[in-house]
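Chemist: The structure follows.
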Amino acid sequence: MKPVFRFTLSLALAALGFCNLVWAQANYPDRTISLVVPFAAGGPTDVVARMLAIPMGKSLGQTVVVENTLGAGGTLASQRVARSAPNGYTVLIHHTGMATAPALYKRLGFDPLKDFDYIGQVVDVPMTLLGRKDFPANNFQELLTYIRANKDKISLANAGLGAVSHLCGLMFMSQVGVDLTTVPYKGTGPAMNDLLGGQVDLLCDQTTQTVPIIKENRVKAYGVTTLNRLPSLGQLPTLDEQGLKGFEVKVWHGMYVAKGTPAPIIDKINTALRFALQDSQVRQRLADLSSDVPGADKLTPKGLQTHLEAEIKKWTPVIQKAGIYAD
């Protein structure tokens with residue numbers, strides 16, 4: 001009788017666990033959700049996250065709180081989410097750095113392709129090349145002349161090793177044929193603050209952060225990193241048309257949860273993301289910042305996974321050729 005009792009008890013406990021799992025999925029979410037941003041408040045990814053948090057919370061019926069987890073080029077935030085409980089209450093929003101991290105870090109602490117489940121791609125964001133307000137060069141051709149004559153005196157800020165602003169700067173220096181002093185920050189928020197304050201000379205940054213300050217003439221803008229001009233900055237030429245042929249850098253963002261998150265919960269978060277991206281105020285603000293909502297095929301878990309795999313293949317040889325890495 002004892003073995004039968006133990007077997008029956010095991011079945012009962014398994015059934016209870018299954019029922020609890022089903023109940024948790026059916027009632028998700030029943031508390032606040034954390035939307036983890038790997039960079040500083042005020043930076044481009046933070047802007048996107050805060051733009052989406054309220055409408056996503058409206059769709060989910062719970063508050064979505066943005067949490068900035070800084071350090072190691074965004075990898076600390078990614079580790080935090082990868083190691084979190086796979087229950088949908090800790091969500092990561094990250095940009096192209098998710099694809100560059102495997103080539104940059106010898107001891108990454110997570111695998112972008114194995115340790116996450118995918119929600120969907122979020123937005124595609126162009127970049128702009130900026131100078132401090134009192135920088136001597138007034139246009140791109142003057143910029144080229146000035147930096148070639150004064151390269152040892154010029155500082156080029158970025159959001160940290162391997163950040164898209166860093167890669168954009170590397171591409172710029174490579175095509176222009178100069179090496180400038182690079183100054184890494186923990187996010188483009190602090191880098192932008194120092195550019196505005198005149199502590200650094202140049203910065204390549206996303207339009208989610210730069211469009212307003214360009215229009216307010218708080219910086220000097222030298223070009224956009226897309227092959228076509230941007231509607232919100234129609235008078236600003238592309239770097240491509242000004243002589244840097246083929247220069248194109250866009251930042252894409254995606255949402256992730258810990259591996260093993262139940263499919264019904266992933267579906268609910270994906271629905272909330274789609275709802276937020278259809279919000280009229282969000283779409284208008286994204287348009288004002290020259291940011292694009294990806295096509296329907298990319299707004300899916302599979303779409304994000306496919307895109308991430310392709311981006312890892314794209315950026316890995318670039319980083320390896322540049323010889324940059326972090327311990």
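Convention: chains lettered A, B, ... in structure tokens order; per-chain residue numbering from 1; ligands numbered from 1 as shown.
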Find the residues near Leu244 of chain A: any atom within 10 Å, counting only C-alpha atoms, skip ones fewer than 6 places away on the same chain, and give them as a compact mmCIF listing (two decimals) with C-alpha atoms, in the first residue's frame.

Modeler:
```
# COMPACT_ATOMS: atom_id res chain seq x y z
CA MET A 171 32.88 53.35 -39.16
CA PHE A 172 33.16 57.13 -39.45
CA GLN A 175 35.90 55.96 -43.88
CA VAL A 176 37.46 59.35 -43.15
CA THR A 225 23.43 57.80 -41.07
CA THR A 238 23.07 62.15 -45.29
```

Chemist: Find the residues near segment 149-162 of chain A: any atom within 6 Å, counting only C-alpha atoms, skip ones fewer than 4 places away on the same chain, and give them as an MDAnalysis selection string.

Modeler: chainID A and resid 73 166 180:188 200:203

Chemist: Selected residues, N, CA and C atoms, written as a PDB file, in the first residue's frame, please.

Modeler:
```
ATOM      1  N   GLY A  73      28.324  47.779 -20.686  1.00  0.00           N
ATOM      2  CA  GLY A  73      27.767  47.921 -22.020  1.00  0.00           C
ATOM      3  C   GLY A  73      26.407  47.308 -22.214  1.00  0.00           C
ATOM      4  N   HIS A 166      29.469  53.672 -30.575  1.00  0.00           N
ATOM      5  CA  HIS A 166      30.879  53.322 -30.721  1.00  0.00           C
ATOM      6  C   HIS A 166      31.147  52.778 -32.117  1.00  0.00           C
ATOM      7  N   LEU A 180      40.573  59.311 -33.912  1.00  0.00           N
ATOM      8  CA  LEU A 180      40.299  60.346 -32.924  1.00  0.00           C
ATOM      9  C   LEU A 180      40.343  59.744 -31.524  1.00  0.00           C
ATOM     10  N   THR A 181      40.442  60.577 -30.518  1.00  0.00           N
ATOM     11  CA  THR A 181      40.393  60.114 -29.135  1.00  0.00           C
ATOM     12  C   THR A 181      38.950  59.782 -28.782  1.00  0.00           C
ATOM     13  N   THR A 182      38.686  58.515 -28.493  1.00  0.00           N
ATOM     14  CA  THR A 182      37.324  58.107 -28.144  1.00  0.00           C
ATOM     15  C   THR A 182      37.126  58.152 -26.630  1.00  0.00           C
ATOM     16  N   VAL A 183      35.946  58.593 -26.217  1.00  0.00           N
ATOM     17  CA  VAL A 183      35.626  58.741 -24.800  1.00  0.00           C
ATOM     18  C   VAL A 183      34.368  57.925 -24.502  1.00  0.00           C
ATOM     19  N   PRO A 184      34.510  56.774 -23.830  1.00  0.00           N
ATOM     20  CA  PRO A 184      33.345  55.939 -23.545  1.00  0.00           C
ATOM     21  C   PRO A 184      32.582  56.405 -22.305  1.00  0.00           C
ATOM     22  N   TYR A 185      31.263  56.283 -22.356  1.00  0.00           N
ATOM     23  CA  TYR A 185      30.382  56.604 -21.229  1.00  0.00           C
ATOM     24  C   TYR A 185      29.501  55.403 -20.919  1.00  0.00           C
ATOM     25  N   LYS A 186      28.803  55.482 -19.818  1.00  0.00           N
ATOM     26  CA  LYS A 186      27.832  54.439 -19.476  1.00  0.00           C
ATOM     27  C   LYS A 186      26.464  54.853 -20.021  1.00  0.00           C
ATOM     28  N   GLY A 187      26.357  54.841 -21.339  1.00  0.00           N
ATOM     29  CA  GLY A 187      25.110  55.237 -21.978  1.00  0.00           C
ATOM     30  C   GLY A 187      25.254  56.560 -22.701  1.00  0.00           C
ATOM     31  N   THR A 188      24.391  56.791 -23.709  1.00  0.00           N
ATOM     32  CA  THR A 188      24.467  58.023 -24.460  1.00  0.00           C
ATOM     33  C   THR A 188      23.852  59.202 -23.719  1.00  0.00           C
ATOM     34  N   VAL A 200      33.054  67.277 -24.545  1.00  0.00           N
ATOM     35  CA  VAL A 200      33.521  66.441 -25.657  1.00  0.00           C
ATOM     36  C   VAL A 200      33.121  67.120 -26.961  1.00  0.00           C
ATOM     37  N   ASP A 201      33.766  66.699 -28.059  1.00  0.00           N
ATOM     38  CA  ASP A 201      33.585  67.407 -29.326  1.00  0.00           C
ATOM     39  C   ASP A 201      32.516  66.811 -30.234  1.00  0.00           C
ATOM     40  N   LEU A 202      32.526  65.470 -30.397  1.00  0.00           N
ATOM     41  CA  LEU A 202      31.655  64.822 -31.373  1.00  0.00           C
ATOM     42  C   LEU A 202      30.943  63.632 -30.748  1.00  0.00           C
ATOM     43  N   LEU A 203      29.808  63.278 -31.328  1.00  0.00           N
ATOM     44  CA  LEU A 203      29.038  62.133 -30.858  1.00  0.00           C
ATOM     45  C   LEU A 203      28.121  61.667 -31.982  1.00  0.00           C
TER      46      LEU A 203
END
```

Chemist: Which residues, written as a PDB file with C-alpha atoms, in the first residue's frame, have at least one atom at most 8 Å from Val224 of chain A, with only C-alpha atoms counted and residues fewer than 2 positions away on the same chain left out?

Modeler:
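Saved file part_24.pdb follows:
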```
ATOM      1  CA  PRO A 126      18.555  56.233 -37.514  1.00  0.00           C
ATOM      2  CA  MET A 127      21.547  58.090 -36.101  1.00  0.00           C
ATOM      3  CA  THR A 128      23.083  61.528 -36.536  1.00  0.00           C
ATOM      4  CA  LEU A 129      26.648  62.800 -36.320  1.00  0.00           C
ATOM      5  CA  TYR A 222      26.768  67.157 -39.723  1.00  0.00           C
ATOM      6  CA  THR A 226      20.675  56.591 -43.394  1.00  0.00           C
ATOM      7  CA  ARG A 229      17.179  62.050 -45.703  1.00  0.00           C
ATOM      8  CA  LEU A 230      14.810  61.979 -42.744  1.00  0.00           C
ATOM      9  CA  LEU A 236      20.198  67.733 -42.988  1.00  0.00           C
ATOM     10  CA  PRO A 237      22.108  65.782 -45.675  1.00  0.00           C
ATOM     11  CA  THR A 238      23.072  62.154 -45.285  1.00  0.00           C
ATOM     12  CA  LEU A 239      26.716  61.216 -44.756  1.00  0.00           C
TER      13      LEU A 239
END
```

Chemist: Set out as CSV a contact list for segment 95-144 of chain A and segment 45-58 of chain A with a cut-off of 12 Å, giving each residue of segment 95-144 of chain A that qualifies its closest atom pair and distance in Å to one decimal, counting only C-alpha atoms, ordered by chain and rising residue number.

Modeler:
```
residue,atom,partner,partner_atom,distance
A:His95,CA,A:Thr45,CA,7.1
A:Thr96,CA,A:Thr45,CA,10.5
A:Gly97,CA,A:Thr45,CA,11.0
A:Val122,CA,A:Val48,CA,8.7
A:Val123,CA,A:Val48,CA,8.2
A:Asp124,CA,A:Val48,CA,10.5
A:Val125,CA,A:Thr45,CA,9.9
```

Chemist: Rank A:Ala40, A:Leu143, A:Val282, A:Cys168 by their smallest atom-to-atom distance to Val318 of chain A, using only C-alpha atoms, and report the top residue only.

Modeler: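 Ranked by minimum distance to Val318 of chain A, first place goes to A:Cys168.
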
Chemist: If we count only C-alpha atoms and set the cut-off at 8 Å, which residues sit around Thr300 of chain A, ignoring sequence neighbours fewer than 6 positions away in its own chain? Please answer as a PyMOL selection string.

Modeler: chain A and resi 118-121+270

Chemist: So the first atom is atom CA of Thr63 of chain A and the second is atom CA of Ile33 of chain A; what is the distance between them in Å, to one decimal place?

Modeler: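 About the pair atom CA of Thr63 of chain A and atom CA of Ile33 of chain A: they are 6.4 Å apart.
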
Chemist: Check segment 83-259 of chain A with DSSP on the backbone and list each residue it calls alpha helix (DSSP H), as a PDB file with C-alpha atoms, in the first residue's frame.

Modeler:
```
ATOM      1  CA  GLY A  97      24.141  45.759 -28.592  1.00  0.00           C
ATOM      2  CA  MET A  98      22.438  42.410 -28.057  1.00  0.00           C
ATOM      3  CA  ALA A  99      23.984  41.300 -31.362  1.00  0.00           C
ATOM      4  CA  THR A 100      27.440  42.787 -30.776  1.00  0.00           C
ATOM      5  CA  ALA A 101      27.938  41.480 -27.233  1.00  0.00           C
ATOM      6  CA  PRO A 102      29.004  37.905 -28.186  1.00  0.00           C
ATOM      7  CA  ALA A 103      31.962  39.238 -30.196  1.00  0.00           C
ATOM      8  CA  LEU A 104      32.893  41.921 -27.665  1.00  0.00           C
ATOM      9  CA  PHE A 140      30.433  68.406 -42.958  1.00  0.00           C
ATOM     10  CA  GLN A 141      33.106  69.549 -45.403  1.00  0.00           C
ATOM     11  CA  GLU A 142      34.517  71.918 -42.783  1.00  0.00           C
ATOM     12  CA  LEU A 143      34.387  69.034 -40.303  1.00  0.00           C
ATOM     13  CA  LEU A 144      36.519  66.834 -42.559  1.00  0.00           C
ATOM     14  CA  THR A 145      39.080  69.586 -43.060  1.00  0.00           C
ATOM     15  CA  TYR A 146      39.227  70.409 -39.354  1.00  0.00           C
ATOM     16  CA  ILE A 147      39.547  66.871 -37.998  1.00  0.00           C
ATOM     17  CA  ARG A 148      42.267  65.966 -40.489  1.00  0.00           C
ATOM     18  CA  ALA A 149      44.269  68.976 -39.351  1.00  0.00           C
ATOM     19  CA  ASN A 150      43.543  68.575 -35.624  1.00  0.00           C
ATOM     20  CA  VAL A 164      26.100  51.374 -31.597  1.00  0.00           C
ATOM     21  CA  SER A 165      27.431  54.896 -31.076  1.00  0.00           C
ATOM     22  CA  HIS A 166      30.879  53.322 -30.721  1.00  0.00           C
ATOM     23  CA  LEU A 167      30.457  51.253 -33.897  1.00  0.00           C
ATOM     24  CA  CYS A 168      29.131  54.295 -35.752  1.00  0.00           C
ATOM     25  CA  GLY A 169      32.202  56.240 -34.636  1.00  0.00           C
ATOM     26  CA  LEU A 170      34.522  53.430 -35.739  1.00  0.00           C
ATOM     27  CA  MET A 171      32.882  53.350 -39.162  1.00  0.00           C
ATOM     28  CA  PHE A 172      33.162  57.131 -39.453  1.00  0.00           C
ATOM     29  CA  MET A 173      36.850  57.164 -38.532  1.00  0.00           C
ATOM     30  CA  SER A 174      37.546  54.272 -40.895  1.00  0.00           C
ATOM     31  CA  GLN A 175      35.901  55.963 -43.878  1.00  0.00           C
ATOM     32  CA  VAL A 176      37.458  59.351 -43.148  1.00  0.00           C
ATOM     33  CA  THR A 188      24.467  58.023 -24.460  1.00  0.00           C
ATOM     34  CA  GLY A 189      22.537  60.038 -21.864  1.00  0.00           C
ATOM     35  CA  PRO A 190      25.726  61.012 -19.985  1.00  0.00           C
ATOM     36  CA  ALA A 191      27.630  61.338 -23.272  1.00  0.00           C
ATOM     37  CA  MET A 192      25.027  63.745 -24.607  1.00  0.00           C
ATOM     38  CA  ASN A 193      25.133  65.769 -21.399  1.00  0.00           C
ATOM     39  CA  ASP A 194      28.868  66.276 -21.830  1.00  0.00           C
ATOM     40  CA  LEU A 195      28.470  67.136 -25.516  1.00  0.00           C
ATOM     41  CA  LEU A 196      25.898  69.782 -24.607  1.00  0.00           C
ATOM     42  CA  GLY A 197      28.209  71.006 -21.860  1.00  0.00           C
ATOM     43  CA  THR A 207      17.414  60.401 -33.499  1.00  0.00           C
ATOM     44  CA  THR A 208      15.227  59.556 -30.505  1.00  0.00           C
ATOM     45  CA  GLN A 209      17.602  61.763 -28.557  1.00  0.00           C
ATOM     46  CA  THR A 210      19.011  64.131 -31.152  1.00  0.00           C
ATOM     47  CA  VAL A 211      16.096  65.467 -33.214  1.00  0.00           C
ATOM     48  CA  PRO A 212      14.838  67.908 -30.535  1.00  0.00           C
ATOM     49  CA  ILE A 213      18.259  69.351 -29.737  1.00  0.00           C
ATOM     50  CA  ILE A 214      19.134  69.697 -33.429  1.00  0.00           C
ATOM     51  CA  LYS A 215      15.928  71.662 -34.008  1.00  0.00           C
TER      52      LYS A 215
END
```
